[in-house]
>>> print(open('coords24.cif').read())   # mmCIF, C-alpha atoms
data_protein
#
loop_
_atom_site.label_atom_id
_atom_site.label_comp_id
_atom_site.auth_asym_id
_atom_site.auth_seq_id
_atom_site.Cartn_x
_atom_site.Cartn_y
_atom_site.Cartn_z
CA MET A 245 155.32 27.38 161.08
CA LEU A 246 156.94 27.87 164.45
CA VAL A 247 157.10 31.22 166.21
CA ASN A 248 160.77 30.60 166.74
CA GLU A 249 161.64 30.35 163.04
CA PHE A 250 160.83 34.01 162.52
CA LEU A 251 162.23 35.17 165.84
CA MET A 252 165.53 33.36 165.15
CA LEU A 253 165.75 35.00 161.74
CA GLY A 254 165.23 38.35 163.42
CA ALA A 255 167.91 37.54 166.00
CA VAL A 256 170.43 36.53 163.32
CA LEU A 257 169.80 39.68 161.29
CA PHE A 258 170.07 41.81 164.43
CA CYS A 259 173.45 40.34 165.36
CA ILE A 260 174.79 40.74 161.83
CA GLY A 261 173.68 44.37 161.94
CA VAL A 262 175.38 44.95 165.28
CA TYR A 263 178.57 43.39 163.89
CA GLY A 264 178.37 45.78 160.93
CA VAL A 265 177.91 48.83 163.17
CA ILE A 266 180.97 47.84 165.21
CA VAL A 267 183.23 46.91 162.30
CA ARG A 268 182.47 49.47 159.62
CA LYS A 269 184.24 52.80 159.43
CA ASN A 270 182.50 54.24 156.39
CA ALA A 271 179.43 56.19 157.54
CA VAL A 272 177.22 54.97 154.68
CA MET A 273 177.98 51.36 155.58
CA VAL A 274 177.07 52.01 159.22
CA LEU A 275 173.71 53.40 158.09
CA MET A 276 173.12 50.22 156.04
CA SER A 277 173.87 48.07 159.09
CA ILE A 278 171.35 50.12 161.08
CA GLU A 279 168.76 49.32 158.40
CA LEU A 280 169.45 45.60 158.98
CA ILE A 281 168.79 46.06 162.69
CA LEU A 282 165.53 47.96 162.10
CA ASN A 283 164.31 45.26 159.70
CA SER A 284 164.95 42.50 162.20
CA VAL A 285 162.86 44.45 164.71
CA ASN A 286 160.05 44.70 162.17
CA ILE A 287 160.07 40.93 161.63
CA ASN A 288 159.67 40.47 165.37
CA PHE A 289 156.79 42.97 165.52
CA LEU A 290 154.87 41.18 162.78
CA THR A 291 155.56 37.73 164.24
CA PHE A 292 154.08 38.74 167.56
CA ALA A 293 151.18 40.45 165.81
CA LEU A 294 150.32 37.14 164.14
CA ARG A 295 150.92 35.12 167.30
CA ASN A 296 148.68 37.32 169.44
CA GLY A 297 146.08 37.89 166.76
CA SER A 298 146.32 41.68 167.03
CA THR A 299 147.06 44.41 164.52
CA ASP A 300 149.08 46.64 166.87
CA GLY A 301 152.31 45.11 165.58
CA HIS A 302 151.48 46.19 162.03
CA THR A 303 151.01 49.79 163.14
CA PHE A 304 154.32 49.79 164.98
CA ALA A 305 156.10 48.20 162.02
CA LEU A 306 154.78 50.99 159.78
CA TYR A 307 155.97 53.62 162.27
CA VAL A 308 159.38 51.98 162.41
CA ILE A 309 159.60 52.10 158.61
CA ALA A 310 158.68 55.80 158.59
CA VAL A 311 161.21 56.67 161.31
CA ALA A 312 163.87 54.65 159.48
CA ALA A 313 163.21 56.61 156.30
CA ALA A 314 163.56 59.90 158.20
CA GLU A 315 166.74 58.63 159.83
CA VAL A 316 168.30 57.70 156.50
CA GLY A 317 167.41 61.10 155.05
CA VAL A 318 169.02 63.08 157.87
CA GLY A 319 171.90 60.60 158.18
CA LEU A 320 172.85 60.83 154.54
CA ALA A 321 172.57 64.63 154.63
CA MET A 322 175.03 64.60 157.54
CA VAL A 323 177.34 62.23 155.67
CA LEU A 324 177.22 64.54 152.67
CA LEU A 325 178.08 67.55 154.84
CA MET A 326 180.93 65.63 156.42
CA TYR A 327 182.28 64.66 153.01
CA ARG A 328 182.06 68.25 151.81
CA ASN A 329 183.98 69.55 154.81
CA ARG A 330 186.78 67.01 155.02
CA ARG A 331 186.72 64.93 151.82
CA SER A 332 186.19 61.68 153.70
CA VAL A 333 183.38 59.74 155.36
CA GLY A 334 185.50 57.89 157.93
CA LEU A 335 183.77 57.99 161.30
CA ASP A 336 187.08 57.76 163.20
CA GLU A 337 188.11 61.19 161.93
CA LEU A 338 185.30 62.96 163.77
CA SER A 339 187.25 63.48 166.98
CA GLU A 340 186.84 67.18 167.74
CA MET A 341 184.68 66.46 170.79
CA LYS A 342 187.19 64.06 172.29
CA GLY A 343 188.30 65.29 175.71
CA MET B 63 155.03 16.14 164.55
CA LEU B 64 152.90 14.99 161.63
CA ALA B 65 153.74 16.06 158.11
CA SER B 66 150.15 17.17 157.57
CA ASP B 67 150.31 19.94 160.15
CA MET B 68 153.72 21.20 159.08
CA LEU B 69 152.64 23.34 156.10
CA VAL B 70 155.52 22.07 153.96
CA ALA B 71 155.31 24.65 151.19
CA GLN B 72 155.40 27.60 153.57
CA ASN B 73 158.27 26.12 155.56
CA VAL B 74 160.33 25.48 152.43
CA GLY B 75 159.61 29.01 151.23
CA PHE B 76 160.54 30.43 154.59
CA PHE B 77 163.88 28.65 154.74
CA ILE B 78 164.86 29.54 151.16
CA ILE B 79 164.06 33.22 151.75
CA ALA B 80 165.70 33.18 155.18
CA ALA B 81 168.90 31.68 153.75
CA ALA B 82 169.00 34.34 151.03
CA MET B 83 168.45 37.06 153.65
CA VAL B 84 171.22 35.80 155.94
CA VAL B 85 173.69 35.47 153.06
CA GLY B 86 172.75 38.95 151.84
CA ALA B 87 173.13 40.43 155.32
CA LEU B 88 176.55 38.83 155.75
CA ARG B 89 177.65 40.23 152.41
CA VAL B 90 176.37 43.69 153.41
CA VAL B 91 178.67 43.75 156.43
CA THR B 92 181.66 42.05 154.80
CA THR B 93 181.86 43.26 151.20
CA ARG B 94 184.53 45.77 150.25
CA ASN B 95 182.46 47.63 147.67
CA VAL B 96 179.87 50.16 148.82
CA VAL B 97 177.63 49.74 145.77
CA HIS B 98 177.68 45.95 146.14
CA ALA B 99 176.68 46.37 149.79
CA ALA B 100 173.72 48.51 148.72
CA LEU B 101 172.64 45.87 146.19
CA TRP B 102 172.97 43.05 148.73
CA LEU B 103 170.86 45.16 151.06
CA VAL B 104 168.14 45.05 148.39
CA VAL B 105 168.18 41.23 148.69
CA VAL B 106 167.71 41.44 152.45
CA LEU B 107 164.96 44.05 152.25
CA SER B 108 162.94 42.24 149.58
CA GLY B 109 163.38 38.99 151.51
CA ALA B 110 161.96 40.78 154.53
CA ALA B 111 158.98 41.88 152.43
CA ALA B 112 158.42 38.24 151.43
CA GLN B 113 158.55 37.18 155.08
CA TYR B 114 155.93 39.84 155.87
CA VAL B 115 153.65 38.23 153.29
CA LEU B 116 154.21 34.86 155.00
CA LEU B 117 153.27 36.59 158.27
CA ALA B 118 149.94 37.70 156.75
CA ALA B 119 150.93 41.40 156.70
CA GLU B 120 150.23 42.48 153.14
CA PHE B 121 150.13 46.25 153.71
CA VAL B 122 153.42 46.30 155.59
CA ALA B 123 154.99 44.18 152.83
CA ILE B 124 153.92 46.63 150.13
CA THR B 125 155.08 49.57 152.26
CA GLN B 126 158.42 47.85 152.77
CA ILE B 127 158.91 47.48 149.02
CA MET B 128 157.86 51.05 148.23
CA VAL B 129 159.71 52.82 151.03
CA TYR B 130 162.86 50.73 151.36
CA ILE B 131 163.53 49.40 147.90
CA GLY B 132 161.99 52.39 146.15
CA ALA B 133 163.18 55.32 148.24
CA VAL B 134 165.79 54.40 150.84
CA MET B 135 167.86 52.43 148.37
CA VAL B 136 167.92 55.34 145.94
CA LEU B 137 169.05 57.57 148.81
CA PHE B 138 171.85 55.14 149.63
CA LEU B 139 173.01 54.99 146.03
CA PHE B 140 172.92 58.80 145.82
CA GLY B 141 174.84 59.02 149.07
CA THR B 142 177.44 56.63 147.73
CA MET B 143 177.65 58.52 144.48
CA LEU B 144 178.05 61.92 146.12
CA THR B 145 180.59 60.91 148.76
CA ARG B 146 183.21 58.91 146.98
CA ALA B 147 185.25 59.27 143.87
CA GLN B 148 186.65 55.77 143.83
CA ILE B 149 184.80 53.05 141.91
CA GLY B 150 185.35 49.42 142.83
CA ALA B 151 186.74 47.68 145.89
CA GLU B 152 187.95 49.86 148.71
CA ASP B 153 190.30 48.87 151.54
CA ASN B 154 189.34 51.65 153.86
CA LEU B 155 185.79 50.60 154.80
CA ASN B 156 186.49 48.88 158.12
CA ASN B 157 188.09 49.91 161.37
CA ALA B 158 191.49 48.32 161.81
CA LYS B 159 191.35 45.00 163.69
CA SER B 160 187.75 45.72 164.66
CA TRP B 161 186.60 42.14 164.08
CA ILE B 162 188.39 41.28 167.33
CA PHE B 163 185.59 43.15 169.09
CA GLY B 164 182.84 42.68 166.52
CA VAL B 165 182.82 38.90 166.22
CA PRO B 166 182.68 38.11 169.97
CA VAL B 167 179.99 40.73 170.58
CA ALA B 168 177.81 39.45 167.73
CA VAL B 169 178.32 35.76 168.62
CA LEU B 170 177.64 36.27 172.32
CA MET B 171 174.55 38.34 171.59
CA LEU B 172 173.28 35.71 169.16
CA ALA B 173 173.90 32.92 171.70
CA THR B 174 172.02 34.84 174.37
CA LEU B 175 169.10 35.53 172.05
CA VAL B 176 168.91 31.91 170.84
CA ILE B 177 168.93 30.55 174.38
CA ALA B 178 166.28 33.06 175.48
CA LEU B 179 164.06 32.36 172.48
CA ASN B 180 164.33 28.59 172.93
CA ASP B 181 163.42 28.98 176.58
CA GLY B 182 160.56 31.30 175.88
CA PHE B 183 158.91 29.88 172.79
CA GLY B 184 160.20 26.31 172.33
CA ASN B 185 157.98 24.62 169.79
CA GLU B 186 155.09 27.05 169.93
CA LYS B 187 153.30 27.30 166.60
CA LEU B 188 151.92 30.30 164.80
CA PRO B 189 148.16 30.16 164.22
CA MET B 190 148.06 29.29 160.54
CA ASP B 191 144.32 29.75 160.08
CA ALA B 192 144.59 33.41 161.08
CA PRO B 193 142.98 35.76 158.54
CA VAL B 194 145.18 38.12 156.55
CA VAL B 195 145.27 41.55 158.20
CA ASN B 196 143.88 43.80 155.52
CA THR B 197 144.58 47.47 154.95
CA GLN B 198 141.30 48.56 156.47
CA GLN B 199 142.19 47.07 159.84
CA VAL B 200 145.61 48.72 159.77
CA SER B 201 144.13 52.11 158.93
CA ASP B 202 141.50 51.70 161.67
CA GLN B 203 144.40 51.23 164.06
CA ILE B 204 146.44 54.17 162.78
CA PHE B 205 143.56 56.65 162.65
CA GLY B 206 141.94 55.32 165.81
CA PRO B 207 143.94 54.49 168.93
CA TYR B 208 147.30 55.41 167.39
CA LEU B 209 146.34 58.81 166.00
CA LEU B 210 148.56 60.82 168.35
CA PRO B 211 151.73 58.85 167.48
CA PHE B 212 150.75 59.30 163.84
CA TRP B 213 150.70 63.08 164.25
CA ALA B 214 154.01 62.98 166.09
CA LEU B 215 155.42 60.91 163.24
CA SER B 216 154.25 63.48 160.70
CA PHE B 217 156.19 66.16 162.58
CA VAL B 218 159.24 63.90 162.75
CA LEU B 219 159.12 63.41 158.98
CA LEU B 220 158.61 67.13 158.37
CA ALA B 221 161.49 68.02 160.68
CA ALA B 222 163.68 65.39 159.03
CA ALA B 223 162.91 66.68 155.55
CA ILE B 224 163.62 70.29 156.50
CA GLY B 225 166.71 69.24 158.44
CA ALA B 226 168.07 67.26 155.51
CA ILE B 227 167.55 70.22 153.18
CA VAL B 228 169.22 72.64 155.60
CA LEU B 229 172.18 70.31 156.14
CA ALA B 230 172.75 69.43 152.52
CA ARG B 231 172.25 72.95 151.14
CA ARG B 232 175.27 74.56 149.61
CA ASP B 233 175.69 78.07 151.02
#
>>> encode(input="coords24.cif", output="C-alpha coordinates")
Amino acid sequence: MLVNEFLMLGAVLFCIGVYGVIVRKNAVMVLMSIELILNSVNINFLTFALRNGSTDGHTFALYVIAVAAAEVGVGLAMVLLMYRNRRSVGLDELSEMKG
Amino acid sequence: MLASDMLVAQNVGFFIIAAAMVVGALRVVTTRNVVHAALWLVVVLSGAAAQYVLLAAEFVAITQIMVYIGAVMVLFLFGTMLTRAQIGAEDNLNNAKSWIFGVPVAVLMLATLVIALNDGFGNEKLPMDAPVVNTQQVSDQIFGPYLLPFWALSFVLLAAAIGAIVLARRD
(Lines of atoms letter the chains of each structure in order from A and count residues from 1; the text may use other names and numbers.)
(Lines give C-alpha, C1' and ligand atoms only; values in the text may rest on other atoms or scores of the structure.)
Protein backbone atom coordinates (compact mmCIF):
# COMPACT_ATOMS: atom_id res chain seq x y z
CA MET A 1 0.00 0.00 0.00
CA LEU A 2 1.30 3.42 -0.92
CA VAL A 3 1.01 6.43 1.35
CA ASN A 4 -0.35 8.33 -1.61
CA GLU A 5 -3.36 6.05 -2.15
CA PHE A 6 -4.88 7.15 1.13
CA LEU A 7 -3.79 10.76 0.86
CA MET A 8 -5.30 11.01 -2.65
CA LEU A 9 -8.57 9.58 -1.38
CA GLY A 10 -8.55 12.20 1.35
CA ALA A 11 -7.83 14.94 -1.20
CA VAL A 12 -10.68 13.82 -3.48
CA LEU A 13 -13.16 13.69 -0.59
CA PHE A 14 -12.00 17.10 0.62
CA CYS A 15 -12.54 18.70 -2.79
CA ILE A 16 -15.97 17.11 -3.18
CA GLY A 17 -16.87 18.48 0.25
CA VAL A 18 -15.67 21.97 -0.66
CA TYR A 19 -17.73 21.80 -3.86
CA GLY A 20 -20.77 20.85 -1.79
CA VAL A 21 -20.26 23.74 0.64
CA ILE A 22 -20.05 26.19 -2.26
CA VAL A 23 -22.95 24.82 -4.29
CA ARG A 24 -25.57 23.87 -1.72
CA LYS A 25 -28.13 26.33 -0.43
CA ASN A 26 -29.98 24.06 1.98
CA ALA A 27 -28.32 24.33 5.42
CA VAL A 28 -28.62 20.59 6.16
CA MET A 29 -26.82 19.77 2.92
CA VAL A 30 -24.01 22.18 3.80
CA LEU A 31 -23.58 20.41 7.14
CA MET A 32 -23.33 17.07 5.31
CA SER A 33 -20.62 18.47 3.03
CA ILE A 34 -18.72 19.64 6.11
CA GLU A 35 -18.87 16.06 7.41
CA LEU A 36 -17.21 14.92 4.17
CA ILE A 37 -14.39 17.41 4.72
CA LEU A 38 -13.87 16.33 8.34
CA ASN A 39 -13.73 12.67 7.31
CA SER A 40 -11.08 13.33 4.69
CA VAL A 41 -9.00 15.03 7.37
CA ASN A 42 -9.39 11.96 9.60
CA ILE A 43 -8.13 9.68 6.82
CA ASN A 44 -5.04 11.85 6.53
CA PHE A 45 -4.45 11.79 10.30
CA LEU A 46 -4.57 8.00 10.42
CA THR A 47 -2.40 7.60 7.31
CA PHE A 48 0.33 9.69 8.85
CA ALA A 49 -0.07 7.89 12.17
CA LEU A 50 0.65 4.60 10.39
CA ARG A 51 3.46 6.08 8.31
CA ASN A 52 5.25 7.57 11.30
CA GLY A 53 4.52 4.68 13.63
CA SER A 54 2.92 6.92 16.26
CA THR A 55 -0.47 6.93 17.93
CA ASP A 56 -0.87 10.72 18.09
CA GLY A 57 -2.90 10.67 14.88
CA HIS A 58 -5.44 8.32 16.44
CA THR A 59 -5.97 10.70 19.36
CA PHE A 60 -6.47 13.64 17.03
CA ALA A 61 -8.86 11.66 14.84
CA LEU A 62 -10.96 10.86 17.92
CA TYR A 63 -10.98 14.53 18.93
CA VAL A 64 -12.03 15.51 15.42
CA ILE A 65 -14.91 13.02 15.59
CA ALA A 66 -16.04 14.44 18.94
CA VAL A 67 -15.87 18.05 17.74
CA ALA A 68 -17.75 17.09 14.57
CA ALA A 69 -20.51 15.53 16.65
CA ALA A 70 -20.79 18.71 18.74
CA GLU A 71 -20.81 20.79 15.58
CA VAL A 72 -23.63 18.78 14.05
CA GLY A 73 -25.67 19.05 17.24
CA VAL A 74 -25.40 22.84 17.46
CA GLY A 75 -25.67 23.24 13.68
CA LEU A 76 -28.90 21.30 13.43
CA ALA A 77 -30.34 23.16 16.43
CA MET A 78 -29.60 26.40 14.59
CA VAL A 79 -31.16 25.05 11.40
CA LEU A 80 -34.24 24.08 13.37
CA LEU A 81 -34.49 27.56 14.89
CA MET A 82 -34.07 29.11 11.47
CA TYR A 83 -36.82 26.91 10.05
CA ARG A 84 -39.13 27.80 12.93
CA ASN A 85 -38.61 31.52 12.43
CA ARG A 86 -38.88 31.78 8.66
CA ARG A 87 -40.22 28.45 7.35
CA SER A 88 -37.17 27.83 5.18
CA VAL A 89 -33.60 26.60 5.53
CA GLY A 90 -32.12 28.51 2.58
CA LEU A 91 -28.81 30.05 3.62
CA ASP A 92 -29.17 32.92 1.12
CA GLU A 93 -32.14 34.30 3.04
CA LEU A 94 -30.06 35.08 6.13
CA SER A 95 -29.07 38.56 5.01
CA GLU A 96 -29.92 40.77 7.99
CA MET A 97 -26.25 41.45 8.72
CA LYS A 98 -25.50 42.54 5.17
CA GLY A 99 -24.21 46.11 5.13
CA MET B 1 7.56 -3.46 -8.34
CA LEU B 2 7.14 -7.15 -7.59
CA ALA B 3 3.70 -8.65 -7.15
CA SER B 4 4.79 -10.26 -3.90
CA ASP B 5 5.34 -6.96 -2.10
CA MET B 6 2.16 -5.36 -3.39
CA LEU B 7 -0.31 -6.89 -0.91
CA VAL B 8 -2.86 -7.58 -3.65
CA ALA B 9 -5.85 -8.31 -1.43
CA GLN B 10 -5.50 -5.10 0.55
CA ASN B 11 -5.00 -3.02 -2.58
CA VAL B 12 -8.08 -4.50 -4.24
CA GLY B 13 -10.09 -3.90 -1.08
CA PHE B 14 -8.82 -0.35 -0.85
CA PHE B 15 -9.76 0.52 -4.41
CA ILE B 16 -13.24 -1.04 -4.20
CA ILE B 17 -14.00 0.85 -0.97
CA ALA B 18 -12.43 4.05 -2.30
CA ALA B 19 -14.54 3.89 -5.47
CA ALA B 20 -17.70 3.40 -3.40
CA MET B 21 -16.72 6.34 -1.18
CA VAL B 22 -16.05 8.69 -4.10
CA VAL B 23 -19.31 7.75 -5.83
CA GLY B 24 -21.19 8.20 -2.55
CA ALA B 25 -19.57 11.57 -1.91
CA LEU B 26 -20.43 12.77 -5.41
CA ARG B 27 -24.03 11.71 -4.91
CA VAL B 28 -24.14 13.53 -1.55
CA VAL B 29 -23.26 16.82 -3.22
CA THR B 30 -25.32 16.32 -6.39
CA THR B 31 -28.53 14.52 -5.41
CA ARG B 32 -31.76 16.48 -5.28
CA ASN B 33 -33.28 14.59 -2.37
CA VAL B 34 -32.15 15.38 1.17
CA VAL B 35 -32.92 11.91 2.54
CA HIS B 36 -31.02 10.26 -0.32
CA ALA B 37 -28.05 12.52 0.44
CA ALA B 38 -28.13 11.38 4.08
CA LEU B 39 -28.19 7.72 2.99
CA TRP B 40 -25.32 8.23 0.53
CA LEU B 41 -23.43 9.87 3.36
CA VAL B 42 -23.80 6.58 5.26
CA VAL B 43 -21.93 4.86 2.39
CA VAL B 44 -19.09 7.36 2.64
CA LEU B 45 -18.87 7.17 6.43
CA SER B 46 -18.87 3.37 6.59
CA GLY B 47 -16.31 3.28 3.78
CA ALA B 48 -14.17 5.59 5.87
CA ALA B 49 -14.52 3.19 8.80
CA ALA B 50 -13.33 0.35 6.55
CA GLN B 51 -10.33 2.43 5.46
CA TYR B 52 -9.50 3.02 9.12
CA VAL B 53 -9.38 -0.75 9.62
CA LEU B 54 -7.00 -0.99 6.65
CA LEU B 55 -4.91 1.70 8.35
CA ALA B 56 -4.65 -0.46 11.50
CA ALA B 57 -6.85 1.88 13.58
CA GLU B 58 -9.48 -0.40 15.06
CA PHE B 59 -10.66 1.86 17.89
CA VAL B 60 -11.14 4.86 15.61
CA ALA B 61 -13.05 2.64 13.15
CA ILE B 62 -15.46 1.47 15.84
CA THR B 63 -15.86 5.03 17.12
CA GLN B 64 -16.57 6.19 13.58
CA ILE B 65 -19.35 3.63 13.20
CA MET B 66 -20.91 4.36 16.60
CA VAL B 67 -20.69 8.16 16.50
CA TYR B 68 -21.27 8.90 12.83
CA ILE B 69 -23.52 6.14 11.60
CA GLY B 70 -25.23 5.68 14.95
CA ALA B 71 -25.68 9.22 16.20
CA VAL B 72 -24.85 11.89 13.62
CA MET B 73 -26.88 10.19 10.92
CA VAL B 74 -29.93 10.01 13.19
CA LEU B 75 -29.47 13.73 13.91
CA PHE B 76 -29.35 14.46 10.18
CA LEU B 77 -32.50 12.45 9.51
CA PHE B 78 -34.26 14.21 12.40
CA GLY B 79 -33.09 17.55 11.09
CA THR B 80 -34.43 16.70 7.65
CA MET B 81 -37.69 15.50 9.10
CA LEU B 82 -38.22 18.58 11.26
CA THR B 83 -37.29 21.18 8.66
CA ARG B 84 -39.12 20.24 5.53
CA ALA B 85 -42.62 19.27 4.62
CA GLN B 86 -41.88 18.17 1.09
CA ILE B 87 -41.04 14.51 0.43
CA GLY B 88 -39.10 13.58 -2.68
CA ALA B 89 -36.91 15.52 -5.08
CA GLU B 90 -36.53 19.21 -4.45
CA ASP B 91 -35.36 21.86 -6.92
CA ASN B 92 -34.39 24.42 -4.36
CA LEU B 93 -31.32 22.75 -2.82
CA ASN B 94 -28.59 24.55 -4.76
CA ASN B 95 -27.59 28.14 -5.26
CA ALA B 96 -28.45 29.35 -8.74
CA LYS B 97 -25.57 28.90 -11.22
CA SER B 98 -23.23 28.14 -8.33
CA TRP B 99 -21.44 25.33 -10.18
CA ILE B 100 -19.73 28.06 -12.21
CA PHE B 101 -17.76 28.83 -9.06
CA GLY B 102 -17.88 25.42 -7.41
CA VAL B 103 -16.42 23.27 -10.18
CA PRO B 104 -13.33 25.42 -10.89
CA VAL B 105 -12.58 25.83 -7.19
CA ALA B 106 -12.85 22.09 -6.51
CA VAL B 107 -10.88 21.08 -9.63
CA LEU B 108 -8.09 23.59 -9.02
CA MET B 109 -7.83 22.58 -5.38
CA LEU B 110 -7.71 18.90 -6.33
CA ALA B 111 -5.02 19.57 -8.97
CA THR B 112 -2.93 21.47 -6.44
CA LEU B 113 -3.28 18.74 -3.84
CA VAL B 114 -2.46 15.94 -6.32
CA ILE B 115 0.65 17.74 -7.55
CA ALA B 116 1.79 18.46 -3.99
CA LEU B 117 1.17 14.89 -2.84
CA ASN B 118 2.99 13.41 -5.84
CA ASP B 119 5.93 15.70 -5.16
CA GLY B 120 5.97 14.96 -1.48
CA PHE B 121 5.30 11.25 -1.25
CA GLY B 122 5.82 9.76 -4.73
CA ASN B 123 5.96 6.01 -4.34
CA GLU B 124 6.58 5.89 -0.62
CA LYS B 125 5.08 2.79 0.96
CA LEU B 126 3.24 2.38 4.21
CA PRO B 127 4.94 0.01 6.66
CA MET B 128 2.76 -3.06 6.31
CA ASP B 129 4.28 -5.02 9.18
CA ALA B 130 3.25 -2.32 11.65
CA PRO B 131 1.28 -3.70 14.61
CA VAL B 132 -2.37 -2.78 15.01
CA VAL B 133 -2.74 0.16 17.39
CA ASN B 134 -4.88 -1.25 20.15
CA THR B 135 -7.28 0.56 22.43
CA GLN B 136 -4.87 0.54 25.35
CA GLN B 137 -2.30 2.58 23.44
CA VAL B 138 -4.94 5.09 22.38
CA SER B 139 -6.22 5.49 25.94
CA ASP B 140 -2.65 5.87 27.23
CA GLN B 141 -2.33 8.76 24.79
CA ILE B 142 -5.64 10.38 25.68
CA PHE B 143 -5.24 10.12 29.45
CA GLY B 144 -1.51 10.83 29.36
CA PRO B 145 -0.02 13.59 27.23
CA TYR B 146 -3.37 14.67 25.75
CA LEU B 147 -5.32 14.95 28.99
CA LEU B 148 -5.74 18.73 28.86
CA PRO B 149 -7.23 18.71 25.33
CA PHE B 150 -9.49 15.90 26.53
CA TRP B 151 -10.82 18.10 29.34
CA ALA B 152 -11.27 20.99 26.94
CA LEU B 153 -13.18 18.66 24.64
CA SER B 154 -15.47 17.60 27.48
CA PHE B 155 -16.36 21.26 28.05
CA VAL B 156 -16.92 21.75 24.32
CA LEU B 157 -19.33 18.81 24.26
CA LEU B 158 -21.11 20.03 27.40
CA ALA B 159 -21.44 23.54 25.99
CA ALA B 160 -22.66 22.15 22.67
CA ALA B 161 -25.28 19.99 24.36
CA ILE B 162 -26.58 22.86 26.50
CA GLY B 163 -26.43 25.22 23.54
CA ALA B 164 -28.39 22.85 21.33
CA ILE B 165 -31.07 22.47 24.01
CA VAL B 166 -31.32 26.23 24.55
CA LEU B 167 -31.53 26.90 20.81
CA ALA B 168 -34.04 24.22 19.99
CA ARG B 169 -36.29 24.80 23.02
CA ARG B 170 -39.74 26.07 22.28
CA ASP B 171 -40.49 29.05 24.51
>>> resolve_selection(input="coords24.cif", expression="the PyMOL selection byres ((chain A) within 6 of (chain B))", output="ChimeraX atom specification")
/A:245-247,259,263-264,266-270,295,314,318,321,327
>>> atom_distance(input="coords24.cif", atom1="atom CA of Leu275 of chain A", atom2="atom CA of Val262 of chain A")
11.2 Å
>>> residues_around(input="coords24.cif", residues="Gly254 of chain A", least_positions_apart="3", cutoff="6 Å", atoms="all atoms listed in the file", output="PyMOL selection string")
chain A and resi 251+257+284
>>> closest_residue(input="coords24.cif", among="B:Val74, B:Asp181, B:Gly206, B:Ala214", to="Asn248 of chain A", atoms="all atoms listed in the file")
B:Asp181
>>> closest_residue(input="coords24.cif", among="A:Val265, A:Ser339, A:His302, A:Ile309", to="Asn283 of chain A", atoms="only C-alpha atoms")
A:Ile309
>>> atom_distance(input="coords24.cif", atom1="atom CA of Met322 of chain A", atom2="atom CA of Lys342 of chain A")
19.1 Å
>>> residues_near_point(input="coords24.cif", point="(153.0, 48.3, 164.8)", cutoff="9 Å", atoms="only C-alpha atoms", output="list of chain:residue names")
A:Asn286, A:Phe289, A:Leu290, A:Ala293, A:Thr299, A:Asp300, A:Gly301, A:His302, A:Thr303, A:Phe304, A:Ala305, A:Leu306, A:Tyr307, A:Val308, B:Val200
>>> atom_distance(input="coords24.cif", atom1="atom CA of Ile278 of chain A", atom2="atom CA of Glu315 of chain A")
9.8 Å
